[in-house]
Amino acid sequence: MINAQTKNLFQSYPLKNLTWIMKTDRPYIQINAKPDVDLTLSTPQASHINSLLTRLRNAAE
């Protein structure tokens, strides 16, 4: 579940320091914040989050 703590964690890292893996056969997205933070989000919105992060990354490049 995405809560205030999760949102704060996301905001504490620049987008360029985040990497993520979304496997279509799994209901979660694995997010890594360089250098040493791992965060697994298990949520029905995992594919939507993957899409949003990808769009943000592409827009920033």
# chains A, B, ... in the order shown; residues from 1 in each chain; ligands from 1
>>> select_by_dssp(residues="chain A", states="helix (DSSP H, G or I)", output="list in words")
Ala4, Gln5, Thr6, Lys7, Asn8, Leu9, Phe10, Gln11, Leu15, Lys16, Asn17, Ala46, Ser47, His48, Ile49, Asn50, Ser51, Leu52, Leu53, Thr54, Arg55, Leu56, Arg57, Asn58, Ala59 and Ala60 of chain A
>>> write_last_selection(atoms="C-alpha atoms", output="short mmCIF file (atom, residue, chain, number, x, y, z; two decimals), in the first residue's frame")
data_model
loop_
_atom_site.label_atom_id
_atom_site.label_comp_id
_atom_site.auth_asym_id
_atom_site.auth_seq_id
_atom_site.Cartn_x
_atom_site.Cartn_y
_atom_site.Cartn_z
CA ALA A 4 2.76 8.99 3.25
CA GLN A 5 5.99 7.25 4.24
CA THR A 6 6.30 5.69 0.77
CA LYS A 7 5.63 9.04 -0.90
CA ASN A 8 8.29 10.70 1.26
CA LEU A 9 10.79 8.00 0.32
CA PHE A 10 10.12 8.60 -3.38
CA GLN A 11 10.51 12.36 -2.97
CA LEU A 15 14.27 10.45 -10.42
CA LYS A 16 17.60 9.75 -12.13
CA ASN A 17 18.67 7.72 -9.07
CA ALA A 46 1.93 -1.51 -9.89
CA SER A 47 1.62 -1.42 -13.68
CA HIS A 48 0.27 2.14 -13.53
CA ILE A 49 3.18 3.21 -11.31
CA ASN A 50 5.57 1.58 -13.77
CA SER A 51 3.99 3.52 -16.62
CA LEU A 52 4.14 6.84 -14.76
CA LEU A 53 7.78 6.38 -13.72
CA THR A 54 8.74 5.46 -17.28
CA ARG A 55 6.95 8.51 -18.69
CA LEU A 56 8.64 10.78 -16.13
CA ARG A 57 12.06 9.32 -16.90
CA ASN A 58 11.54 9.73 -20.66
CA ALA A 59 10.35 13.33 -20.23
CA ALA A 60 13.42 14.17 -18.13
#
>>> residues_around(residues="segment 25-28 of chain A", least_positions_apart="5", cutoff="8 Å", atoms="only C-alpha atoms", output="list in words")
Thr40, Leu41, Ser42, Thr43, Pro44, Ala46 and Ser47 of chain A
>>> decode(residues="chain A", atoms="C-alpha atoms", output="tab-separated table (two decimals), in the first residue's frame")
chain	number	residue	atom	x	y	z
A	1	MET	CA	0.00	0.00	0.00
A	2	ILE	CA	1.27	3.44	-0.86
A	3	ASN	CA	1.17	5.70	2.16
A	4	ALA	CA	2.76	8.99	3.25
A	5	GLN	CA	5.99	7.25	4.24
A	6	THR	CA	6.30	5.69	0.77
A	7	LYS	CA	5.63	9.04	-0.90
A	8	ASN	CA	8.29	10.70	1.26
A	9	LEU	CA	10.79	8.00	0.32
A	10	PHE	CA	10.12	8.60	-3.38
A	11	GLN	CA	10.51	12.36	-2.97
A	12	SER	CA	13.83	11.98	-1.15
A	13	TYR	CA	15.58	10.63	-4.27
A	14	PRO	CA	16.07	12.31	-7.63
A	15	LEU	CA	14.27	10.45	-10.42
A	16	LYS	CA	17.60	9.75	-12.13
A	17	ASN	CA	18.67	7.72	-9.07
A	18	LEU	CA	15.67	5.38	-9.26
A	19	THR	CA	15.58	2.15	-11.21
A	20	TRP	CA	12.60	-0.16	-11.41
A	21	ILE	CA	11.59	-3.57	-12.70
A	22	MET	CA	8.02	-4.52	-13.50
A	23	LYS	CA	7.33	-8.09	-14.56
A	24	THR	CA	3.92	-8.44	-16.17
A	25	ASP	CA	3.21	-11.76	-14.49
A	26	ARG	CA	3.63	-10.34	-10.98
A	27	PRO	CA	1.47	-7.86	-9.04
A	28	TYR	CA	4.36	-5.76	-7.79
A	29	ILE	CA	7.05	-3.38	-8.93
A	30	GLN	CA	10.61	-3.57	-7.58
A	31	ILE	CA	12.09	-0.10	-7.11
A	32	ASN	CA	15.72	0.57	-6.23
A	33	ALA	CA	17.09	3.92	-5.13
A	34	LYS	CA	20.80	4.09	-5.68
A	35	PRO	CA	23.02	3.24	-3.97
A	36	ASP	CA	21.43	0.98	-1.37
A	37	VAL	CA	17.67	1.31	-0.90
A	38	ASP	CA	15.32	-1.42	-2.12
A	39	LEU	CA	11.58	-0.93	-2.11
A	40	THR	CA	9.00	-3.43	-3.30
A	41	LEU	CA	5.50	-2.12	-3.90
A	42	SER	CA	2.80	-4.74	-4.01
A	43	THR	CA	-0.30	-2.97	-5.21
A	44	PRO	CA	-2.97	-3.30	-7.90
A	45	GLN	CA	-1.56	-0.05	-9.31
A	46	ALA	CA	1.93	-1.51	-9.89
A	47	SER	CA	1.62	-1.42	-13.68
A	48	HIS	CA	0.27	2.14	-13.53
A	49	ILE	CA	3.18	3.21	-11.31
A	50	ASN	CA	5.57	1.58	-13.77
A	51	SER	CA	3.99	3.52	-16.62
A	52	LEU	CA	4.14	6.84	-14.76
A	53	LEU	CA	7.78	6.38	-13.72
A	54	THR	CA	8.74	5.46	-17.28
A	55	ARG	CA	6.95	8.51	-18.69
A	56	LEU	CA	8.64	10.78	-16.13
A	57	ARG	CA	12.06	9.32	-16.90
A	58	ASN	CA	11.54	9.73	-20.66
A	59	ALA	CA	10.35	13.33	-20.23
A	60	ALA	CA	13.42	14.17	-18.13
A	61	GLU	CA	15.88	12.89	-20.73
